[in-house]
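Listing of entry-v2.cif; format and content: mmCIF, C-alpha atoms and all ligand atoms.
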```cif
data_model
loop_
_atom_site.label_atom_id
_atom_site.label_comp_id
_atom_site.auth_asym_id
_atom_site.auth_seq_id
_atom_site.Cartn_x
_atom_site.Cartn_y
_atom_site.Cartn_z
CA MET A 1259 40.29 -50.93 -9.40
CA LYS A 1260 39.30 -50.28 -5.83
CA LEU A 1261 39.78 -47.07 -3.98
CA PRO A 1262 40.72 -47.26 -0.30
CA LEU A 1263 37.92 -46.13 1.99
CA PRO A 1264 39.48 -42.77 3.07
CA SER A 1265 39.91 -41.59 -0.53
CA LEU A 1266 36.42 -42.84 -1.31
CA LEU A 1267 35.09 -40.66 1.45
CA LEU A 1268 37.13 -37.76 0.10
CA VAL A 1269 35.58 -38.19 -3.32
CA CYS A 1270 32.15 -38.44 -1.80
CA LEU A 1271 32.69 -35.31 0.23
CA ALA A 1272 33.98 -33.44 -2.79
CA TRP A 1273 30.98 -34.66 -4.76
CA GLY A 1274 28.79 -33.46 -2.01
CA LEU A 1275 30.37 -30.04 -2.30
CA ALA A 1276 30.11 -30.05 -6.07
CA LEU A 1277 26.44 -30.80 -5.70
CA ASP A 1278 25.88 -28.06 -3.24
CA PRO A 1279 25.73 -25.23 -5.76
CA VAL A 1280 22.46 -26.74 -6.97
CA ALA A 1281 21.10 -26.74 -3.47
CA ALA A 1282 22.62 -23.34 -2.84
CA SER A 1283 21.13 -21.83 -5.95
CA GLU A 1284 17.71 -23.32 -5.17
CA SER A 1285 17.75 -21.97 -1.69
CA GLY A 1286 19.43 -18.89 -3.03
CA HIS A 1287 16.50 -18.49 -5.32
CA LYS A 1288 14.13 -18.96 -2.44
CA THR A 1289 16.07 -16.41 -0.44
CA GLU A 1290 15.98 -14.05 -3.33
CA SER A 1291 12.28 -14.32 -4.01
CA LYS A 1292 11.48 -13.94 -0.35
CA ALA A 1293 13.83 -11.01 -0.21
CA GLU A 1294 12.19 -9.58 -3.28
CA SER A 1295 8.71 -9.75 -1.88
CA LYS A 1296 9.94 -8.27 1.38
CA ALA A 1297 11.89 -5.62 -0.44
CA GLU A 1298 8.81 -4.78 -2.46
CA THR A 1299 6.82 -4.44 0.71
CA LYS A 1300 9.39 -2.12 2.18
CA ALA A 1301 9.81 -0.27 -1.06
CA ASP A 1302 6.09 0.47 -0.87
CA ALA A 1303 6.63 2.28 2.34
CA LYS A 1304 10.16 3.54 2.22
CA GLY A 1305 11.39 3.01 -1.30
CA GLU A 1306 14.30 0.86 -0.20
CA GLY A 1307 15.12 -2.73 0.64
CA LYS A 1308 18.61 -2.50 2.08
CA GLY A 1309 18.56 -5.37 4.58
CA GLU A 1310 17.14 -7.76 2.03
CA ARG A 1311 19.78 -7.02 -0.56
CA LYS A 1312 22.30 -8.24 2.00
CA THR A 1313 20.54 -11.61 2.22
CA GLU A 1314 20.53 -11.91 -1.54
CA SER A 1315 24.24 -11.20 -1.94
CA LYS A 1316 25.05 -13.59 0.89
CA ALA A 1317 23.28 -16.38 -0.98
CA ASP A 1318 25.06 -15.45 -4.18
CA ALA A 1319 28.42 -15.45 -2.46
CA LYS A 1320 27.70 -18.87 -1.05
CA ALA A 1321 26.84 -20.25 -4.46
CA ASP A 1322 29.98 -18.73 -5.95
CA ALA A 1323 32.19 -20.17 -3.24
CA LYS A 1324 30.75 -23.64 -3.71
CA THR A 1325 31.06 -23.55 -7.50
CA GLU A 1326 34.77 -22.97 -7.13
CA GLY A 1327 35.14 -26.41 -5.50
CA ALA A 1328 33.52 -28.24 -8.42
CA PRO A 1329 36.41 -28.81 -10.90
CA GLU A 1330 38.17 -31.18 -8.44
CA ILE A 1331 35.68 -33.94 -9.27
CA LYS A 1332 36.28 -36.42 -12.06
CA LEU A 1333 34.20 -39.59 -11.77
CA PRO A 1334 34.82 -42.72 -13.82
CA PRO A 1335 31.31 -43.82 -14.86
CA SER A 1336 32.14 -47.54 -14.80
CA MET A 1337 32.41 -47.81 -11.03
CA GLY A 1338 28.93 -48.99 -10.15
CA GLU A 1339 29.63 -49.55 -6.51
CA LEU A 1340 31.21 -46.19 -6.13
CA ARG A 1341 28.27 -44.53 -7.86
CA GLU A 1342 25.86 -46.22 -5.52
CA MET A 1343 27.81 -44.99 -2.54
CA ILE A 1344 27.99 -41.55 -4.08
CA GLU A 1345 24.26 -41.50 -4.66
CA HIS A 1346 23.79 -42.44 -1.07
CA LYS A 1347 26.14 -39.63 -0.09
CA ILE A 1348 24.27 -37.24 -2.35
CA SER A 1349 21.01 -37.97 -0.65
CA GLU A 1350 22.74 -37.56 2.69
CA VAL A 1351 24.19 -34.24 1.65
CA ARG A 1352 20.81 -33.12 0.33
CA ALA A 1353 19.12 -34.15 3.53
CA THR A 1354 21.58 -32.39 5.77
CA ARG A 1355 22.41 -29.31 3.72
CA SER A 1356 19.28 -28.13 1.99
CA PRO A 1357 17.37 -27.28 5.15
CA ALA A 1358 20.25 -25.16 6.40
CA PRO A 1359 19.47 -21.94 4.51
CA VAL A 1360 15.82 -22.22 5.57
CA VAL A 1361 16.92 -22.29 9.19
CA ARG A 1362 19.06 -19.25 8.54
CA LEU A 1363 16.09 -17.45 6.99
CA GLN A 1364 13.80 -18.33 9.84
CA ALA A 1365 16.35 -16.96 12.27
CA LYS A 1366 16.52 -13.77 10.25
CA GLY A 1367 12.77 -13.35 9.87
CA GLY A 1368 12.07 -14.41 13.45
CA LYS A 1369 13.55 -12.83 16.52
CA GLY A 1370 15.71 -10.35 14.65
CA ALA A 1371 12.83 -9.04 12.60
CA GLU A 1372 10.65 -8.62 15.67
CA LYS A 1373 13.44 -6.73 17.35
CA SER A 1374 13.98 -4.43 14.41
CA ALA A 1375 10.21 -3.98 14.01
CA ARG A 1376 10.03 -2.84 17.62
CA LYS A 1377 12.89 -0.44 17.14
CA GLU A 1378 11.84 0.96 13.84
CA PRO A 1379 8.33 -0.03 12.80
CA LYS A 1380 7.98 -0.10 9.05
CA PRO A 1381 4.62 0.57 7.41
CA GLU A 1382 3.24 -2.45 5.60
CA ALA A 1383 5.84 -4.68 7.26
CA ARG A 1384 3.64 -7.74 6.84
CA GLY A 1385 2.54 -7.02 3.32
CA PRO A 1386 0.44 -4.33 1.76
CA TRP A 1387 -2.99 -3.61 3.17
CA ALA A 1388 -6.03 -4.25 1.06
CA TYR A 1389 -9.81 -3.80 0.99
CA ASP A 1390 -10.65 -7.49 1.37
CA GLY A 1391 -9.23 -10.81 2.51
CA PRO A 1392 -6.63 -11.36 5.23
CA SER A 1393 -5.15 -7.87 4.74
CA GLY A 1394 -8.58 -6.19 4.62
CA PRO A 1395 -9.97 -3.46 6.90
CA ALA A 1396 -10.73 -5.84 9.79
CA HIS A 1397 -7.04 -6.77 9.92
CA TRP A 1398 -5.32 -3.47 9.17
CA HIS A 1399 -4.32 -2.99 12.81
CA GLU A 1400 -2.65 -6.42 12.84
CA LEU A 1401 -0.51 -5.74 9.80
CA ASN A 1402 1.82 -3.25 11.41
CA PRO A 1403 2.28 -1.67 14.85
CA GLU A 1404 1.92 1.71 13.15
CA PHE A 1405 -1.60 0.78 12.06
CA LYS A 1406 -2.80 0.28 15.65
CA GLN A 1407 -5.23 3.19 15.43
CA CYS A 1408 -7.17 1.37 12.71
CA GLY A 1409 -8.30 -1.07 15.40
CA MET A 1410 -8.02 0.90 18.66
CA GLY A 1411 -9.10 4.36 17.49
CA GLN A 1412 -12.33 5.84 18.84
CA ARG A 1413 -12.63 8.63 16.28
CA GLN A 1414 -12.28 6.80 13.00
CA SER A 1415 -13.53 7.49 9.50
CA PRO A 1416 -15.65 7.01 7.52
CA ILE A 1417 -18.98 7.25 9.33
CA ASP A 1418 -22.64 7.19 8.48
CA ILE A 1419 -23.45 10.89 8.77
CA ARG A 1420 -26.80 11.30 10.48
CA ASP A 1421 -28.43 13.16 13.38
CA GLY A 1422 -26.06 16.08 13.04
CA ILE A 1423 -26.94 19.21 14.94
CA PRO A 1424 -28.39 21.77 12.51
CA VAL A 1425 -26.29 24.92 12.71
CA GLU A 1426 -25.09 27.73 10.54
CA LEU A 1427 -21.57 26.92 9.50
CA ASP A 1428 -19.10 29.43 8.10
CA PRO A 1429 -18.71 28.65 4.43
CA ILE A 1430 -15.44 27.03 3.46
CA GLN A 1431 -13.46 29.62 1.53
CA PHE A 1432 -12.08 27.80 -1.48
CA ASP A 1433 -9.14 29.43 -3.17
CA TYR A 1434 -8.56 26.96 -5.98
CA LYS A 1435 -7.01 27.83 -9.33
CA LEU A 1436 -5.98 26.27 -12.62
CA SER A 1437 -3.24 23.91 -11.53
CA ALA A 1438 -0.60 21.59 -12.90
CA PHE A 1439 -1.24 18.01 -11.78
CA ARG A 1440 0.14 14.49 -11.87
CA VAL A 1441 -1.97 11.34 -11.78
CA ILE A 1442 -0.77 8.22 -9.97
CA ASP A 1443 -2.32 4.82 -9.39
CA ASN A 1444 -0.82 4.13 -5.97
CA GLY A 1445 -2.13 0.59 -5.64
CA HIS A 1446 -5.07 1.66 -3.45
CA THR A 1447 -6.69 4.37 -5.54
CA VAL A 1448 -6.21 6.85 -8.34
CA GLN A 1449 -4.62 9.92 -6.82
CA VAL A 1450 -4.06 13.36 -8.29
CA ASN A 1451 -1.15 15.33 -6.88
CA VAL A 1452 -1.62 19.03 -7.46
CA GLU A 1453 0.91 21.83 -7.49
CA PRO A 1454 1.01 24.05 -4.38
CA GLY A 1455 -1.07 27.19 -4.30
CA ASN A 1456 -4.60 25.89 -3.79
CA ARG A 1457 -6.00 26.51 -0.37
CA ILE A 1458 -9.06 26.59 1.80
CA VAL A 1459 -9.74 28.68 4.87
CA VAL A 1460 -12.04 27.23 7.48
CA ASN A 1461 -12.54 28.32 11.09
CA GLY A 1462 -9.88 30.95 10.44
CA ARG A 1463 -7.32 28.30 9.62
CA ARG A 1464 -5.56 27.96 6.28
CA TYR A 1465 -4.97 24.57 4.69
CA ASP A 1466 -3.21 23.82 1.40
CA LEU A 1467 -4.53 21.24 -1.05
CA VAL A 1468 -2.00 18.42 -1.44
CA GLN A 1469 -3.86 15.80 -3.46
CA PHE A 1470 -7.24 14.34 -4.17
CA HIS A 1471 -8.25 10.74 -4.81
CA PHE A 1472 -11.30 8.58 -5.31
CA HIS A 1473 -13.17 5.77 -3.59
CA ARG A 1474 -15.82 3.49 -4.98
CA PRO A 1475 -18.41 3.29 -3.57
CA SER A 1476 -18.40 6.39 -1.36
CA GLU A 1477 -16.92 5.66 2.05
CA GLU A 1478 -19.14 8.06 3.95
CA ARG A 1479 -22.88 7.71 3.99
CA LEU A 1480 -25.46 10.43 4.30
CA ASN A 1481 -28.35 9.15 6.42
CA GLY A 1482 -27.42 5.63 5.38
CA ARG A 1483 -27.16 6.44 1.70
CA GLN A 1484 -23.97 5.35 0.00
CA PHE A 1485 -23.05 7.09 -3.27
CA GLU A 1486 -21.45 5.68 -6.41
CA MET A 1487 -18.12 7.28 -5.61
CA VAL A 1488 -16.49 10.01 -3.56
CA ALA A 1489 -13.55 12.34 -4.11
CA HIS A 1490 -11.43 13.20 -1.08
CA LEU A 1491 -9.58 16.50 -1.30
CA VAL A 1492 -6.77 16.32 1.21
CA HIS A 1493 -5.49 19.60 2.68
CA LYS A 1494 -2.73 20.20 5.18
CA ASP A 1495 -1.86 23.25 7.26
CA LEU A 1496 1.60 24.41 8.26
CA GLU A 1497 1.52 22.31 11.44
CA GLY A 1498 0.66 19.21 9.44
CA LYS A 1499 -2.99 19.13 10.54
CA LEU A 1500 -5.27 17.60 7.94
CA ALA A 1501 -8.59 18.84 6.61
CA ILE A 1502 -10.36 16.66 4.05
CA VAL A 1503 -13.22 17.85 1.87
CA ALA A 1504 -15.34 14.97 0.62
CA VAL A 1505 -17.28 15.49 -2.60
CA LEU A 1506 -19.89 12.78 -3.06
CA ILE A 1507 -20.38 11.52 -6.60
CA GLU A 1508 -23.54 10.12 -8.16
CA GLU A 1509 -24.21 8.79 -11.63
CA GLY A 1510 -25.45 11.37 -14.11
CA LYS A 1511 -23.85 13.50 -16.74
CA GLY A 1512 -20.14 13.30 -17.36
CA HIS A 1513 -17.63 15.35 -15.40
CA PRO A 1514 -14.92 17.25 -17.30
CA ILE A 1515 -12.38 17.17 -14.45
CA VAL A 1516 -12.83 13.47 -13.80
CA GLN A 1517 -12.47 12.88 -17.54
CA GLN A 1518 -9.27 14.90 -17.58
CA VAL A 1519 -7.90 12.77 -14.75
CA TRP A 1520 -8.91 9.54 -16.45
CA ASN A 1521 -7.33 10.77 -19.69
CA ASN A 1522 -4.04 11.03 -17.84
CA LEU A 1523 -4.12 7.67 -16.08
CA PRO A 1524 -0.61 6.26 -16.11
CA LEU A 1525 -0.22 2.88 -17.80
CA GLU A 1526 1.62 1.43 -14.84
CA LYS A 1527 1.00 1.51 -11.11
CA ARG A 1528 3.12 3.80 -8.95
CA THR A 1529 4.27 5.93 -11.83
CA GLU A 1530 3.11 9.49 -12.20
CA GLN A 1531 1.75 10.98 -15.36
CA ALA A 1532 1.74 14.73 -15.69
CA GLY A 1533 -1.32 16.33 -17.24
CA LEU A 1534 -0.55 18.49 -20.25
CA GLN A 1535 -3.14 21.11 -19.39
CA GLY A 1536 -3.97 22.57 -16.02
CA LEU A 1537 -6.84 21.25 -13.93
CA ASP A 1538 -9.61 23.71 -13.09
CA LEU A 1539 -10.09 22.55 -9.52
CA GLN A 1540 -13.07 24.82 -8.81
CA GLN A 1541 -15.09 22.62 -11.15
CA LEU A 1542 -14.62 19.71 -8.81
CA LEU A 1543 -16.92 21.30 -6.26
CA PRO A 1544 -20.72 21.26 -6.23
CA GLU A 1545 -22.47 24.60 -6.69
CA ASP A 1546 -24.22 24.27 -3.37
CA ARG A 1547 -21.40 24.12 -0.87
CA ARG A 1548 -23.25 23.45 2.33
CA TYR A 1549 -21.52 20.75 4.28
CA VAL A 1550 -21.50 18.59 7.39
CA THR A 1551 -18.43 18.42 9.55
CA TYR A 1552 -16.97 16.13 12.20
CA MET A 1553 -13.61 15.04 13.56
CA GLY A 1554 -12.30 11.74 12.24
CA SER A 1555 -9.28 9.98 10.85
CA LEU A 1556 -7.55 8.96 7.68
CA SER A 1557 -9.75 6.24 6.20
CA THR A 1558 -6.66 4.28 5.14
CA PRO A 1559 -3.77 2.97 7.25
CA PRO A 1560 -2.29 4.26 9.47
CA CYS A 1561 -5.80 5.66 10.26
CA THR A 1562 -4.31 8.71 12.01
CA GLU A 1563 -6.92 10.69 13.96
CA GLY A 1564 -7.36 14.44 14.37
CA VAL A 1565 -8.56 14.93 10.80
CA LEU A 1566 -11.15 17.64 10.20
CA TRP A 1567 -13.75 16.25 7.79
CA MET A 1568 -16.07 18.39 5.71
CA VAL A 1569 -18.53 16.44 3.61
CA MET A 1570 -20.40 18.32 0.89
CA LYS A 1571 -24.12 17.64 1.20
CA LYS A 1572 -24.81 17.90 -2.52
CA PRO A 1573 -23.13 15.42 -4.84
CA VAL A 1574 -21.59 16.11 -8.22
CA SER A 1575 -22.25 13.76 -11.10
CA VAL A 1576 -20.06 11.66 -13.35
CA SER A 1577 -21.19 9.45 -16.22
CA ALA A 1578 -21.75 5.70 -15.99
CA GLN A 1579 -18.80 5.25 -18.31
CA GLN A 1580 -16.57 7.33 -16.08
CA ILE A 1581 -17.58 5.20 -13.12
CA SER A 1582 -16.91 2.01 -15.05
CA ILE A 1583 -13.42 3.18 -15.95
CA PHE A 1584 -12.57 3.58 -12.27
CA SER A 1585 -14.30 0.27 -11.48
CA ARG A 1586 -11.98 -1.57 -13.80
CA LEU A 1587 -9.07 -0.43 -11.63
CA TYR A 1588 -10.81 -0.40 -8.25
CA PRO A 1589 -14.22 -2.08 -8.09
CA MET A 1590 -14.28 -1.63 -4.30
CA ASN A 1591 -11.90 0.57 -2.32
CA ALA A 1592 -14.05 1.84 0.53
CA ARG A 1593 -13.44 1.21 4.21
CA PRO A 1594 -16.62 0.19 6.07
CA VAL A 1595 -18.28 2.82 8.27
CA GLN A 1596 -16.91 3.18 11.78
CA PRO A 1597 -18.77 3.81 15.05
CA LEU A 1598 -19.56 7.47 15.71
CA GLY A 1599 -18.99 7.11 19.44
CA ASP A 1600 -19.52 10.33 21.36
CA ARG A 1601 -18.56 12.58 18.48
CA LEU A 1602 -20.57 15.58 17.43
CA ILE A 1603 -21.67 16.12 13.84
CA LYS A 1604 -22.47 19.65 12.75
CA ASP A 1605 -24.90 19.90 9.87
CA GLY A 1606 -24.60 23.18 7.97
CA GLN A 1607 -27.98 24.65 6.94
ZN ZN A 1701 -9.86 8.85 0.83
#
```
Show how you would write the structure in this file as structure tokens.
Ligand SMILES: [Zn+2]
Amino acid sequence: MKLPLPSLLLVCLAWGLALDPVAASESGHKTESKAESKAETKADAKGEGKGERKTESKADAKADAKTEGAPEIKLPPSMGELREMIEHKISEVRATRSPAPVVRLQAKGGKGAEKSARKEPKPEARGPWAYDGPSGPAHWHELNPEFKQCGMGQRQSPIDIRDGIPVELDPIQFDYKLSAFRVIDNGHTVQVNVEPGNRIVVNGRRYDLVQFHFHRPSEERLNGRQFEMVAHLVHKDLEGKLAIVAVLIEEGKGHPIVQQVWNNLPLEKRTEQAGLQGLDLQQLLPEDRRYVTYMGSLSTPPCTEGVLWMVMKKPVSVSAQQISIFSRLYPMNARPVQPLGDRLIKDGQ
């Protein structure tokens, strides 16, 4: 039995279509995983991945549509010649069709993405920032237009604190109390979100404690000396201005507050665990509360400047075991020191 050429072509075409779901699902899978990683990136920043979901459903729809065409094909296995032609057609179809979705993706991730990035810059648009490798501190400013300050800023943190002018500084008035708290591993550090109601007053300005978190080793240095760890207590005033109190941490005897935080470490990243008992925040501070102060920035992207830094001159101590617990999560999460430039450091006596 011989089929006339036109019907042969028809069969081949239909076979090509029937085969396409495989190609479609492969590329669909690619689309999906790319979309997933992108969505994850966006979710980091915004908690949503709307645009990407569209891509995913488009690929699904395509696969569905192509599957519907499949039942038309019934091939007699005995027709060797026909099979050979079909195989040839298959390879043709593969060659011409499989690159198509890739082209579509490139178009989507290319011009369009740049355009939308210009319009509405998304934090971490090119993947999450890190403390080493291609997304490390030297590249933060390249990762997202919003991180520009990390590279261009002239008043960045941390710094090596030295040659401050010795002055009498007004003591920071700490108004901390026993507070409910939630611990979160945010992918960059262990952070403790505290309930409102803890405040400091400095230079006549009132700031509320929002959260504190840890770095290892300490980001700031005192006369070149880097400490085992540091806790950053982040405060915000009503206008959104930030004041960060840094408590340096050295190895010594164990610290009850740090232990309480470690006890409440969530098992999974980006999930909060509420502490059962309140945290006595006063205990986080050294007895001697003299400090040095300078104007700097967030030490993580987007490296926003205009942050009032107050670094306690005397460290508190935590045990070697407490340090090693943090090290297992974050062996190194400290930004390198930044140039001081023409900034003034005031050293409280
Ligand atoms: Zn910090």
Handout entry: Selection within 8 Å of ligand ZN 1701 (chain A) by only C-alpha atoms and all ligand atoms, output as a list in words
Key = Phe1470, His1471, Phe1472, His1473, Glu1477, Ala1489, His1490, Leu1491, Leu1556, Ser1557 and Thr1558 of chain A
Exercise for the section: Work out how far CA of Leu1534 in chain A is from CA of Gln1449 in chain A, in Å to one decimal. Expected result: 16.4 Å
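The gap separating CA of Met1553 in chain A from CA of Asp1600 in chain A is 10.9 Å, in Å to one decimal.
Considering only C-alpha atoms, the residue among A:Leu1427, A:Ala1388, A:Val1576, A:Ala1532 positioned nearest to Tyr1588 in chain A is A:Ala1388.
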Exercise for the section: Skip Gln1531 in chain A itself and residues of its chain fewer than 5 positions away, then list as a PyMOL selection string all residues within 7 Å of it, counting only C-alpha atoms. Expected result: chain A and resi 1440-1442+1522-1524
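If you measure from each of A:Pro1429, A:Trp1387, A:Leu1480, A:Phe1485 to Gly1606 in chain A using only C-alpha atoms, the closest one turns out to be A:Pro1429.
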Exercise for the section: For each of A:Ala1578, A:Met1570, A:Val1595, A:Val1448, take the minimum atom-to-atom distance to Lys1511 in chain A, counting all atoms listed in the file, then give the residue where this is smallest. Expected result: A:Ala1578
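Comparing A:Arg1479, A:Arg1457, A:Arg1464, A:Lys1494 by their smallest distance to Ala1592 in chain A, the closest is A:Arg1479 (using all atoms listed in the file).
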Completion exercise
What separates CA of Ala1504 in chain A and CA of Leu1525 in chain A is a distance of 26.7 Å
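For the choices A:Val1450, A:Leu1566, A:Leu1543, A:Val1574, the atom-to-atom distance to Lys1604 in chain A is smallest for A:Leu1566 when using all atoms listed in the file.
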